[in-house]
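A.B. asks: Questions regarding the structure given below will be posed in turn.
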Amino acid sequence: MGLEIIVGIKWVPNTTSVNIDPKTGTLIREGIPSVVNPHDLTAVEMALRLKDRYGGRVTAISMAPPSAIAGLEHVIGMGVDRGILASDRVFAGADTLATSYVLAKVIEKIGDYDLIIMGHETIDSSTAHIGAQVASWLKLPYIYYAKEIDYNEKEKSIMVKRILENAFEIYKIKLPAVVSIAMHTYEPRRIKISNKLRAKMENLIQVWTSKDLDIDVNCAGLRGSPTVVSAIDFVPKVPRKNEIFNEKDPRKAAKWLIQKLIEEGLLDP
Amino acid sequence: MTARRLCSEWTEINPDEYRGIWVYMQVDDGEINEASLQLLGQARKIADELETYAAAIFVGYKVKNLAKEAIYYGADKVIVVDDERLSKYTPNLYGDIIYRLALKYKPESILIGGTMRGRELAPYIANNLRTGITADLTMIEVNKETRDIILIRPPFGAWMLAHIKTRDRKPVMGSVRPNVFPTPEKDLSRKGEIIIEEVKEVIDPKMELIQYIPIKKKEEIPIEKAEIIVSGGRGLGSKEGFNLLKELADLLGGVIAGSRKAVDAGWIPHEKQVGQTGKTVKPQLYIAVGISGAAQHVFGIREAKRVVAINIDPDAPIFENADYGVVGDYKEIIPALIEEIKSIKKTKK
Ligand SMILES: Cc1cc2nc3c(=O)[nH]c(=O)nc-3n(C[C@H](O)[C@H](O)[C@H](O)COP(=O)(O)OP(=O)(O)OC[C@H]3O[C@@H](n4cnc5c(N)ncnc54)[C@H](O)[C@@H]3O)c2cc1C
Ligand SMILES: Nc1ncnc2c1ncn2[C@@H]1O[C@H](COP(=O)(O)O)[C@@H](O)[C@H]1O
């Protein structure tokens with residue numbers, strides 16, 4: 001009875017303005033705390049609301065290094081029933097094809113599922129690829145940008161209202177299916193410490209390696225990734241005038257700026 | 001180079017058999033989406049460099065009559081699948097058709113406009129083909145000798161561009177946000193070949209579009225067409241901050257926009273986001289308020305004639321990307337600007 005729901009969550013650095021070391025050209029990631037991708041918390045909230053309405057179980061899955069266990073604990077704190085972390089050295093360096101392959105394998109191993117929910121996109125890579133790719137591996141129907149989901153238990157189908165640039169669309173979809181949730185659809189609920197404690201006390205998080213998943217290592221990680229970064233260079237800067245006014249008085253600043261704009265013909269005096 | 005063992009889930013291909021640069025043509029209400037036309041311009045360029053053809057791919061019902069249009073915008077070939085069973089879009093159904101066309105014709109690249117539908121469709125097609133895909137690319141480079149098609153996108157933070165290469169697999173796939181590339185000139189004298197593809201079977205998409213509800217938008221100038229933009233970022237601190245920006249924008253005859261962090265905070269809708277994963281804007285004047293100036297944001301204003309930055313932090317990178325900068329708290333600067341402009345307008349009267 002009820003819905004067996006799987007939610008994909010990603011553990012991401014809590015910033016989008018990571019800097020690079022000008023000497024080495026590598027990313028400076030030290031000291032940047034990670035969080036669950038905010039749009040995935042919206043997805044978790046949707047899953048929990050469906051569970052509240054129809055009953056069932058919510059399983060969060062993630063492919064990441066072991067540190068992402070903290071992210072699974074966080075969503076268990078919100079009310080997710082259990083977490084599964086796919087973690088293995090051979091998963092490292094994956095592009096979206098290889099990531100979605102591992103996630104599809106995790107879902108296959110879970111076996112019993114009705115609905116797979118994803119976030120709109122991740123804030124670190126922003127591809128919005130994973131949902132469609134998982135649907136392709138598992139040969140499932142899928143839809144992006146859902147705002148509302150209603151479940152018809154008799155028909156084993158859902159009605160999804162989704163948003164596009166200038167329209168809403170309503171789809172009827174047979175389960176199992178993959179649905180990604182439009183960003184900001186819901187405010188994610190707060191975590192309950194008692195829930196979060198259960199994660200450890202009751203062993204609600206499992207870690208699965210490539211062996212557990214029976215994965216062809218040539219399909220995972222860097223090896224399973226057709227796309228590779230072949231070079232990095234700097235964004236060519238558009239030349240700008242760089243005239244800066246740095247005095248305390250806002251009225252002087254306003255006068256200075258307006259004078260400049262009038263000189264440029266950008267403002268009618 | 002020793003051949004590396006490839007994923008057993010990938011069908012074997014011979015990359016040398018793959019030729020031609022494809023663009024999927026999104027059709028909305030009987031009209032070609034502008035983003036698809038913009039990509040035809042790029043496909044044309046790459047095809048010339050690689051001495052191959054550029055093709056436009058149409059999938060749907062009653063789309064046949066648009067084929068010529070694609071030729072005028074740069075396509076050498078147009079492949080059309082026009083079928084009543086395709087009258088309603090679903091991603092699996094359309095994705096499967098394009099996937100099967102690609103199996104048959106073996107293009108070396110497929111480009112898809114990064115509209116909401118395009119972003120939904122592209123990764124599905126790529127995955128069915130077991131090939132790589134790059135989202136939101138902003139430049140394309142080709143190597144004539146190796147025939148590598150390198151897709152370039154700003155990566156994580158900072159001022160770097162990642163050159164992304166697709167190894168072992170074809171086609172090379174990418175999605176491109178609207179307005180990253182200009183719309184090519186329409187040339188009515190161009191000639192091309194139109195290929196009508198019949199489909200025997202379509203898959204059961206296991207889903208159905210039940211209702212389409214257009215959103216009636218207020219008559220507003222979209223930010224990509226605005227001449228003056230007052231844009232706010234995280235530094236505004238709250239949704240209310242945008243009221244102040246709106247007042248200034250109204251006074252200047254412009255519109256408001258925002259950074260991704262302002263969008264993520266829910267202060268302004270996504271359609272008003274400027275940047276790599278938002279929109280590219282081309283105003284005469286762009287005023288960035290409380291925006292730090294991350295590469296992904298600045299990418300969206302590279303075509304702005306003049307950039308003004310208002311930021312409390314003198315070291316904010318936006319100042320290096322601005323023509324005129326004012327260091328200070330926007331809560332003081334913007335009201336001062338509003339007052340000053342009002343007083344100028346008054347004395348004029
Ligand atoms: C793949 C990817 C794609 C992205 N795409 C985009 C995109 O399309 N568009 C985009 O904008 N970003 C994009 N980003 C995010 C980008 O990296 C930055 O995180 C974002 O642009 C920062 O937004 P912000 O400048 O509003 O916020 P912040 O970086 O937090 O900057 C806020 C600024 O406000 C200033 N400030 C604070 N208080 C005041 C005050 N009272 N008065 C004046 N100034 C004040 C601060 O000094 C600071 O400089 C993307 C990131 C990734 C990883
Ligand atoms: N490593 C991952 N583990 C689990 N889910 C993921 C992972 N990466 C992405 N996802 C899911 O896929 C969605 C789209 O991610 P992306 O394609 O990276 O923008 C995210 O919002 C998550 O729901």
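Here, A, B, ... name the chains of the structure tokens in the order displayed, residue numbers run from 1 inside each chain, and ligands are numbered from 1 in the same displayed order.
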Once you count only C-alpha atoms and all ligand atoms, which residues end up within 6 Å of ligand 1, and could you hand them over as an MDAnalysis selection string?
C.D. replies: (chainID A and resid 16:17 123:126) or (chainID B and resid 155:157 233:236 259:262 274:278 290:294 296:297 310:313 316 328:330)
A.B. asks: Please tabulate, as a tab-separated table, the residues of chain A that come within 6 Å of ligand 2, each with its closest pair of atoms and the distance in Å to one decimal, counting only C-alpha atoms and all ligand atoms and ordering rows by chain, then residue number upward.
C.D. replies:
residue	atom	partner	partner_atom_place_in_ligand_line	distance
A:Gly8	CA	ligand 2	5 (N)	3.6
A:Ile9	CA	ligand 2	5 (N)	4.1
A:Lys10	CA	ligand 2	2 (C)	4.5
A:His39	CA	ligand 2	21 (O)	5.9
A:Asp40	CA	ligand 2	21 (O)	5.0
A:Ile61	CA	ligand 2	4 (C)	5.5
A:Ser62	CA	ligand 2	3 (N)	3.5
A:Met63	CA	ligand 2	3 (N)	4.1
A:Ala64	CA	ligand 2	1 (N)	5.6
A:Met118	CA	ligand 2	23 (O)	3.5
A:Gly119	CA	ligand 2	21 (O)	3.1
A:His120	CA	ligand 2	21 (O)	5.0
A:Glu121	CA	ligand 2	19 (O)	3.4
A:Thr122	CA	ligand 2	19 (O)	4.0
A:Ser125	CA	ligand 2	18 (O)	5.4
A:Ser126	CA	ligand 2	19 (O)	4.2
A:Thr127	CA	ligand 2	19 (O)	3.9
A:Ala128	CA	ligand 2	19 (O)	3.4
A:His129	CA	ligand 2	17 (O)	3.7
A:Ile130	CA	ligand 2	17 (O)	4.1
A:Gly131	CA	ligand 2	12 (O)	5.4
A.B. asks: How would the residues just chosen look if you wrote them out with C-alpha atoms as a PDB file, in the first residue's frame?
C.D. replies:
ATOM      1  CA  GLY A   8      17.963  11.581  -5.444  1.00  0.00           C
ATOM      2  CA  ILE A   9      19.996  14.007  -3.367  1.00  0.00           C
ATOM      3  CA  LYS A  10      23.417  15.497  -3.944  1.00  0.00           C
ATOM      4  CA  HIS A  39      16.583  22.097  -4.828  1.00  0.00           C
ATOM      5  CA  ASP A  40      16.818  18.493  -3.625  1.00  0.00           C
ATOM      6  CA  ILE A  61      19.785   7.883  -2.536  1.00  0.00           C
ATOM      7  CA  SER A  62      23.042   9.580  -3.350  1.00  0.00           C
ATOM      8  CA  MET A  63      26.243   8.815  -5.156  1.00  0.00           C
ATOM      9  CA  ALA A  64      29.077  10.542  -3.359  1.00  0.00           C
ATOM     10  CA  MET A 118      14.724  14.453  -8.430  1.00  0.00           C
ATOM     11  CA  GLY A 119      15.547  18.076  -7.739  1.00  0.00           C
ATOM     12  CA  HIS A 120      15.285  20.747 -10.432  1.00  0.00           C
ATOM     13  CA  GLU A 121      19.051  20.861 -10.795  1.00  0.00           C
ATOM     14  CA  THR A 122      22.141  20.982  -8.621  1.00  0.00           C
ATOM     15  CA  SER A 125      26.896  21.689 -11.877  1.00  0.00           C
ATOM     16  CA  SER A 126      23.415  22.897 -12.876  1.00  0.00           C
ATOM     17  CA  THR A 127      23.007  20.376 -15.665  1.00  0.00           C
ATOM     18  CA  ALA A 128      19.554  18.982 -14.851  1.00  0.00           C
ATOM     19  CA  HIS A 129      20.695  15.858 -16.689  1.00  0.00           C
ATOM     20  CA  ILE A 130      20.398  13.160 -14.085  1.00  0.00           C
ATOM     21  CA  GLY A 131      16.604  12.727 -14.043  1.00  0.00           C
TER      22      GLY A 131
END
A.B. asks: Check every residue of chain A for an atom within 6 Å of chain B, counting only C-alpha atoms, and provide those that qualify as a PDB file with N, CA and C atoms, in the first residue's frame.
C.D. replies:
ATOM      1  N   THR A  16      28.626  28.939  -4.602  1.00  0.00           N
ATOM      2  CA  THR A  16      28.824  28.767  -6.037  1.00  0.00           C
ATOM      3  C   THR A  16      29.970  29.637  -6.500  1.00  0.00           C
ATOM      4  N   SER A  17      30.629  30.239  -5.528  1.00  0.00           N
ATOM      5  CA  SER A  17      31.726  31.120  -5.943  1.00  0.00           C
ATOM      6  C   SER A  17      33.061  30.619  -5.401  1.00  0.00           C
ATOM      7  N   VAL A  18      33.284  29.330  -5.577  1.00  0.00           N
ATOM      8  CA  VAL A  18      34.577  28.771  -5.214  1.00  0.00           C
ATOM      9  C   VAL A  18      35.658  29.460  -6.041  1.00  0.00           C
ATOM     10  N   ASN A  19      36.756  29.753  -5.413  1.00  0.00           N
ATOM     11  CA  ASN A  19      37.820  30.424  -6.144  1.00  0.00           C
ATOM     12  C   ASN A  19      38.901  29.452  -6.562  1.00  0.00           C
ATOM     13  N   THR A 127      23.255  20.951 -14.342  1.00  0.00           N
ATOM     14  CA  THR A 127      23.007  20.376 -15.665  1.00  0.00           C
ATOM     15  C   THR A 127      21.545  19.973 -15.853  1.00  0.00           C
ATOM     16  N   HIS A 129      20.622  17.036 -15.811  1.00  0.00           N
ATOM     17  CA  HIS A 129      20.695  15.858 -16.689  1.00  0.00           C
ATOM     18  C   HIS A 129      20.185  14.592 -16.025  1.00  0.00           C
ATOM     19  N   ALA A 132      16.556  12.727 -16.463  1.00  0.00           N
ATOM     20  CA  ALA A 132      16.282  12.162 -17.788  1.00  0.00           C
ATOM     21  C   ALA A 132      17.184  10.963 -18.061  1.00  0.00           C
ATOM     22  N   GLN A 133      18.414  11.050 -17.606  1.00  0.00           N
ATOM     23  CA  GLN A 133      19.340   9.938 -17.859  1.00  0.00           C
ATOM     24  C   GLN A 133      18.943   8.690 -17.083  1.00  0.00           C
ATOM     25  N   SER A 136      16.170   7.136 -18.839  1.00  0.00           N
ATOM     26  CA  SER A 136      16.632   6.431 -20.028  1.00  0.00           C
ATOM     27  C   SER A 136      17.236   5.069 -19.666  1.00  0.00           C
ATOM     28  N   ASN A 166       6.043  29.595 -20.366  1.00  0.00           N
ATOM     29  CA  ASN A 166       4.823  30.385 -20.439  1.00  0.00           C
ATOM     30  C   ASN A 166       3.558  29.536 -20.478  1.00  0.00           C
ATOM     31  N   ALA A 167       3.614  28.393 -19.792  1.00  0.00           N
ATOM     32  CA  ALA A 167       2.426  27.544 -19.729  1.00  0.00           C
ATOM     33  C   ALA A 167       2.538  26.559 -18.569  1.00  0.00           C
ATOM     34  N   PHE A 168       1.374  26.114 -18.128  1.00  0.00           N
ATOM     35  CA  PHE A 168       1.334  24.926 -17.276  1.00  0.00           C
ATOM     36  C   PHE A 168       0.908  23.770 -18.160  1.00  0.00           C
ATOM     37  N   GLU A 169       1.354  22.560 -17.810  1.00  0.00           N
ATOM     38  CA  GLU A 169       0.888  21.378 -18.521  1.00  0.00           C
ATOM     39  C   GLU A 169       0.494  20.339 -17.485  1.00  0.00           C
ATOM     40  N   ILE A 170      -0.544  19.606 -17.802  1.00  0.00           N
ATOM     41  CA  ILE A 170      -0.939  18.519 -16.907  1.00  0.00           C
ATOM     42  C   ILE A 170      -0.766  17.193 -17.647  1.00  0.00           C
ATOM     43  N   TYR A 171      -0.002  16.312 -17.046  1.00  0.00           N
ATOM     44  CA  TYR A 171       0.258  15.006 -17.637  1.00  0.00           C
ATOM     45  C   TYR A 171      -0.291  13.903 -16.738  1.00  0.00           C
ATOM     46  N   LYS A 172      -0.789  12.861 -17.388  1.00  0.00           N
ATOM     47  CA  LYS A 172      -1.124  11.647 -16.656  1.00  0.00           C
ATOM     48  C   LYS A 172      -0.027  10.634 -16.973  1.00  0.00           C
ATOM     49  N   ILE A 173       0.582  10.095 -15.953  1.00  0.00           N
ATOM     50  CA  ILE A 173       1.754   9.242 -16.149  1.00  0.00           C
ATOM     51  C   ILE A 173       1.594   7.926 -15.396  1.00  0.00           C
ATOM     52  N   LYS A 174       1.866   6.830 -16.112  1.00  0.00           N
ATOM     53  CA  LYS A 174       1.820   5.518 -15.457  1.00  0.00           C
ATOM     54  C   LYS A 174       3.045   5.330 -14.579  1.00  0.00           C
ATOM     55  N   ASN A 218      33.858  -0.227 -15.926  1.00  0.00           N
ATOM     56  CA  ASN A 218      34.092   0.589 -17.120  1.00  0.00           C
ATOM     57  C   ASN A 218      32.930   1.536 -17.409  1.00  0.00           C
ATOM     58  N   CYS A 219      31.822   1.332 -16.702  1.00  0.00           N
ATOM     59  CA  CYS A 219      30.666   2.214 -16.898  1.00  0.00           C
ATOM     60  C   CYS A 219      30.589   3.307 -15.826  1.00  0.00           C
ATOM     61  N   PRO A 226      32.069   9.686 -21.026  1.00  0.00           N
ATOM     62  CA  PRO A 226      32.532  10.113 -22.346  1.00  0.00           C
ATOM     63  C   PRO A 226      33.075  11.543 -22.329  1.00  0.00           C
ATOM     64  N   THR A 227      32.557  12.379 -21.433  1.00  0.00           N
ATOM     65  CA  THR A 227      33.032  13.770 -21.442  1.00  0.00           C
ATOM     66  C   THR A 227      34.150  13.943 -20.423  1.00  0.00           C
ATOM     67  N   VAL A 228      35.192  14.614 -20.875  1.00  0.00           N
ATOM     68  CA  VAL A 228      36.312  14.939 -19.989  1.00  0.00           C
ATOM     69  C   VAL A 228      36.699  16.396 -20.218  1.00  0.00           C
ATOM     70  N   VAL A 229      37.238  17.012 -19.178  1.00  0.00           N
ATOM     71  CA  VAL A 229      37.723  18.384 -19.341  1.00  0.00           C
ATOM     72  C   VAL A 229      39.098  18.293 -19.993  1.00  0.00           C
ATOM     73  N   SER A 230      39.199  18.815 -21.212  1.00  0.00           N
ATOM     74  CA  SER A 230      40.456  18.671 -21.947  1.00  0.00           C
ATOM     75  C   SER A 230      41.368  19.872 -21.737  1.00  0.00           C
ATOM     76  N   ALA A 231      40.795  20.982 -21.337  1.00  0.00           N
ATOM     77  CA  ALA A 231      41.611  22.169 -21.070  1.00  0.00           C
ATOM     78  C   ALA A 231      40.790  23.150 -20.263  1.00  0.00           C
ATOM     79  N   ILE A 232      41.509  24.051 -19.602  1.00  0.00           N
ATOM     80  CA  ILE A 232      40.817  25.110 -18.858  1.00  0.00           C
ATOM     81  C   ILE A 232      41.484  26.422 -19.229  1.00  0.00           C
ATOM     82  N   ASP A 233      40.710  27.425 -19.521  1.00  0.00           N
ATOM     83  CA  ASP A 233      41.328  28.740 -19.646  1.00  0.00           C
ATOM     84  C   ASP A 233      40.432  29.777 -18.989  1.00  0.00           C
ATOM     85  N   PHE A 234      40.867  31.003 -19.058  1.00  0.00           N
ATOM     86  CA  PHE A 234      40.136  32.023 -18.340  1.00  0.00           C
ATOM     87  C   PHE A 234      39.111  32.703 -19.224  1.00  0.00           C
ATOM     88  N   VAL A 235      38.066  33.148 -18.606  1.00  0.00           N
ATOM     89  CA  VAL A 235      37.028  33.866 -19.327  1.00  0.00           C
ATOM     90  C   VAL A 235      37.639  35.150 -19.882  1.00  0.00           C
ATOM     91  N   ARG A 240      36.218  47.201 -19.688  1.00  0.00           N
ATOM     92  CA  ARG A 240      35.298  48.173 -19.100  1.00  0.00           C
ATOM     93  C   ARG A 240      36.115  49.347 -18.567  1.00  0.00           C
ATOM     94  N   LYS A 241      35.435  50.440 -18.303  1.00  0.00           N
ATOM     95  CA  LYS A 241      36.158  51.642 -17.882  1.00  0.00           C
ATOM     96  C   LYS A 241      36.698  51.582 -16.454  1.00  0.00           C
ATOM     97  N   ASN A 242      36.036  50.836 -15.604  1.00  0.00           N
ATOM     98  CA  ASN A 242      36.487  50.669 -14.216  1.00  0.00           C
ATOM     99  C   ASN A 242      36.690  51.978 -13.460  1.00  0.00           C
ATOM    100  N   GLU A 243      35.792  52.943 -13.640  1.00  0.00           N
ATOM    101  CA  GLU A 243      35.878  54.172 -12.842  1.00  0.00           C
ATOM    102  C   GLU A 243      35.057  53.978 -11.578  1.00  0.00           C
ATOM    103  N   ILE A 244      35.728  54.119 -10.444  1.00  0.00           N
ATOM    104  CA  ILE A 244      35.063  53.814  -9.172  1.00  0.00           C
ATOM    105  C   ILE A 244      34.950  55.060  -8.297  1.00  0.00           C
ATOM    106  N   PHE A 245      33.783  55.273  -7.741  1.00  0.00           N
ATOM    107  CA  PHE A 245      33.583  56.354  -6.780  1.00  0.00           C
ATOM    108  C   PHE A 245      33.510  55.757  -5.388  1.00  0.00           C
ATOM    109  N   ASN A 246      34.465  56.135  -4.535  1.00  0.00           N
ATOM    110  CA  ASN A 246      34.523  55.507  -3.221  1.00  0.00           C
ATOM    111  C   ASN A 246      34.634  56.568  -2.122  1.00  0.00           C
ATOM    112  N   PRO A 250      26.488  59.456   0.002  1.00  0.00           N
ATOM    113  CA  PRO A 250      25.658  58.886  -1.059  1.00  0.00           C
ATOM    114  C   PRO A 250      25.155  59.933  -2.055  1.00  0.00           C
ATOM    115  N   ARG A 251      24.916  61.169  -1.586  1.00  0.00           N
ATOM    116  CA  ARG A 251      24.409  62.191  -2.517  1.00  0.00           C
ATOM    117  C   ARG A 251      25.466  62.564  -3.537  1.00  0.00           C
ATOM    118  N   ALA A 254      25.657  59.757  -6.006  1.00  0.00           N
ATOM    119  CA  ALA A 254      24.543  59.787  -6.959  1.00  0.00           C
ATOM    120  C   ALA A 254      24.799  60.859  -8.018  1.00  0.00           C
TER     121      ALA A 254
END
A.B. asks: Please provide as an MDAnalysis selection string all residues within 8 Å of segment 12-23 of chain B, with the sequence filter that same-chain residues fewer than 6 positions apart are discarded (counting only C-alpha atoms).
C.D. replies: chainID B and resid 36 39:40 43:44 46:47 52:57 105:112 168:171
A.B. asks: Write out as JSON, numbers by chain the residues lying within 10 Å of Leu188 of chain B, counting only C-alpha atoms and excluding same-chain residues fewer than 3 positions away.
C.D. replies: {"B": [68, 69, 71, 72, 73, 185, 191]}
A.B. asks: With C-alpha atoms kept, could you save the residues just selected as a PDB file, in the first residue's frame?
C.D. replies:
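Saved file result-v2.pdb follows:
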ATOM      1  CA  LYS B  68      12.082  25.728 -45.695  1.00  0.00           C
ATOM      2  CA  GLU B  69      12.427  28.254 -42.917  1.00  0.00           C
ATOM      3  CA  ILE B  71      17.056  26.213 -44.799  1.00  0.00           C
ATOM      4  CA  TYR B  72      16.817  30.005 -44.964  1.00  0.00           C
ATOM      5  CA  TYR B  73      18.537  30.156 -41.583  1.00  0.00           C
ATOM      6  CA  GLU B 185      20.346  36.417 -40.959  1.00  0.00           C
ATOM      7  CA  LYS B 191      18.709  25.995 -51.058  1.00  0.00           C
TER       8      LYS B 191
END
A.B. asks: Between B:Ala249, B:Ile98, B:Ile79, B:Ile256, which one has atoms that come closest to Glu224 of chain B, using only C-alpha atoms?
C.D. replies: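 For Glu224 of chain B, the nearest of the given residues is B:Ile256.
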A.B. asks: DSSP on the backbone: what in segment 84-244 of chain B comes out alpha helix (DSSP H), as JSON, numbers by chain?
C.D. replies: {"B": [91, 92, 93, 94, 95, 96, 97, 98, 99, 100, 101, 102, 103, 104, 105, 116, 117, 118, 119, 120, 121, 122, 123, 124, 125, 126, 127, 128, 241, 242, 243, 244]}
A.B. asks: Using only N, CA, C and O atoms, please write the residues we just selected to a file, as a compact mmCIF listing (two decimals), in the first residue's frame.
C.D. replies:
# COMPACT_ATOMS: atom_id res chain seq x y z
N PRO B 91 8.33 13.88 -23.43
CA PRO B 91 9.78 13.79 -23.64
C PRO B 91 10.22 12.42 -24.17
O PRO B 91 11.05 12.36 -25.08
N ASN B 92 9.66 11.33 -23.64
CA ASN B 92 10.11 10.01 -24.09
C ASN B 92 9.78 9.78 -25.56
O ASN B 92 10.56 9.21 -26.31
N LEU B 93 8.60 10.23 -25.95
CA LEU B 93 8.14 10.00 -27.32
C LEU B 93 9.02 10.76 -28.31
O LEU B 93 9.56 10.18 -29.26
N TYR B 94 9.19 12.06 -28.10
CA TYR B 94 10.03 12.85 -28.99
C TYR B 94 11.49 12.41 -28.91
O TYR B 94 12.18 12.31 -29.91
N GLY B 95 11.92 12.15 -27.67
CA GLY B 95 13.31 11.73 -27.47
C GLY B 95 13.61 10.46 -28.23
O GLY B 95 14.66 10.32 -28.87
N ASP B 96 12.68 9.53 -28.19
CA ASP B 96 12.88 8.25 -28.87
C ASP B 96 12.98 8.43 -30.39
O ASP B 96 13.77 7.77 -31.06
N ILE B 97 12.17 9.32 -30.94
CA ILE B 97 12.21 9.56 -32.39
C ILE B 97 13.58 10.13 -32.80
O ILE B 97 14.21 9.66 -33.75
N ILE B 98 14.05 11.13 -32.05
CA ILE B 98 15.33 11.75 -32.40
C ILE B 98 16.47 10.74 -32.21
O ILE B 98 17.40 10.67 -33.01
N TYR B 99 16.35 9.95 -31.16
CA TYR B 99 17.33 8.89 -30.91
C TYR B 99 17.41 7.94 -32.11
O TYR B 99 18.48 7.62 -32.61
N ARG B 100 16.25 7.53 -32.62
CA ARG B 100 16.25 6.58 -33.73
C ARG B 100 16.76 7.22 -35.03
O ARG B 100 17.44 6.57 -35.83
N LEU B 101 16.44 8.50 -35.22
CA LEU B 101 16.99 9.20 -36.39
C LEU B 101 18.51 9.22 -36.31
O LEU B 101 19.21 9.03 -37.31
N ALA B 102 19.02 9.48 -35.10
CA ALA B 102 20.48 9.56 -34.93
C ALA B 102 21.14 8.21 -35.18
O ALA B 102 22.23 8.14 -35.74
N LEU B 103 20.46 7.13 -34.78
CA LEU B 103 21.01 5.80 -35.05
C LEU B 103 21.12 5.58 -36.55
O LEU B 103 22.08 5.00 -37.06
N LYS B 104 20.11 6.07 -37.27
CA LYS B 104 20.07 5.84 -38.72
C LYS B 104 21.08 6.71 -39.47
O LYS B 104 21.82 6.22 -40.31
N TYR B 105 21.10 8.00 -39.15
CA TYR B 105 21.91 8.94 -39.95
C TYR B 105 23.30 9.19 -39.39
O TYR B 105 24.15 9.76 -40.05
N MET B 116 13.26 25.16 -21.51
CA MET B 116 12.90 24.17 -20.49
C MET B 116 12.66 22.81 -21.13
O MET B 116 13.12 21.78 -20.64
N ARG B 117 11.94 22.79 -22.25
CA ARG B 117 11.72 21.51 -22.93
C ARG B 117 13.01 20.92 -23.48
O ARG B 117 13.25 19.73 -23.42
N GLY B 118 13.85 21.80 -24.03
CA GLY B 118 15.11 21.33 -24.60
C GLY B 118 16.00 20.69 -23.54
O GLY B 118 16.64 19.67 -23.76
N ARG B 119 16.01 21.32 -22.36
CA ARG B 119 16.83 20.78 -21.27
C ARG B 119 16.27 19.47 -20.74
O ARG B 119 16.99 18.67 -20.16
N GLU B 120 14.99 19.28 -20.93
CA GLU B 120 14.35 18.03 -20.51
C GLU B 120 14.68 16.90 -21.50
O GLU B 120 14.94 15.77 -21.13
N LEU B 121 14.67 17.28 -22.77
CA LEU B 121 14.78 16.30 -23.85
C LEU B 121 16.23 15.86 -24.11
O LEU B 121 16.50 14.67 -24.32
N ALA B 122 17.15 16.81 -24.10
CA ALA B 122 18.52 16.54 -24.55
C ALA B 122 19.22 15.41 -23.79
O ALA B 122 19.78 14.51 -24.42
N PRO B 123 19.19 15.41 -22.46
CA PRO B 123 19.92 14.33 -21.76
C PRO B 123 19.32 12.95 -22.00
O PRO B 123 20.04 11.95 -21.94
N TYR B 124 18.04 12.89 -22.28
CA TYR B 124 17.41 11.60 -22.55
C TYR B 124 17.93 11.02 -23.86
O TYR B 124 18.29 9.84 -23.95
N ILE B 125 17.99 11.87 -24.89
CA ILE B 125 18.49 11.43 -26.19
C ILE B 125 19.95 11.00 -26.06
O ILE B 125 20.36 9.94 -26.53
N ALA B 126 20.74 11.84 -25.37
CA ALA B 126 22.16 11.54 -25.19
C ALA B 126 22.33 10.19 -24.49
O ALA B 126 23.15 9.37 -24.89
N ASN B 127 21.53 9.99 -23.46
CA ASN B 127 21.69 8.75 -22.70
C ASN B 127 21.26 7.52 -23.50
O ASN B 127 21.90 6.48 -23.44
N ASN B 128 20.19 7.66 -24.27
CA ASN B 128 19.79 6.54 -25.14
C ASN B 128 20.91 6.18 -26.11
O ASN B 128 21.12 5.02 -26.43
N GLY B 241 13.89 44.71 -1.05
CA GLY B 241 14.92 45.49 -1.71
C GLY B 241 14.59 45.74 -3.16
O GLY B 241 14.95 46.78 -3.73
N PHE B 242 13.89 44.79 -3.77
CA PHE B 242 13.55 44.93 -5.19
C PHE B 242 12.54 46.05 -5.43
O PHE B 242 12.46 46.59 -6.54
N ASN B 243 11.75 46.41 -4.40
CA ASN B 243 10.82 47.53 -4.57
C ASN B 243 11.57 48.82 -4.89
O ASN B 243 11.15 49.60 -5.74
N LEU B 244 12.69 48.97 -4.19
CA LEU B 244 13.53 50.15 -4.41
C LEU B 244 14.10 50.12 -5.84
O LEU B 244 14.11 51.14 -6.54
A.B. asks: If you measure from atom CA of Pro188 of chain A to atom CA of Glu45 of chain A, what distance in Å do you get, rounded to one decimal?
C.D. replies: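 Between atom CA of Pro188 of chain A and atom CA of Glu45 of chain A the gap is 5.2 Å.
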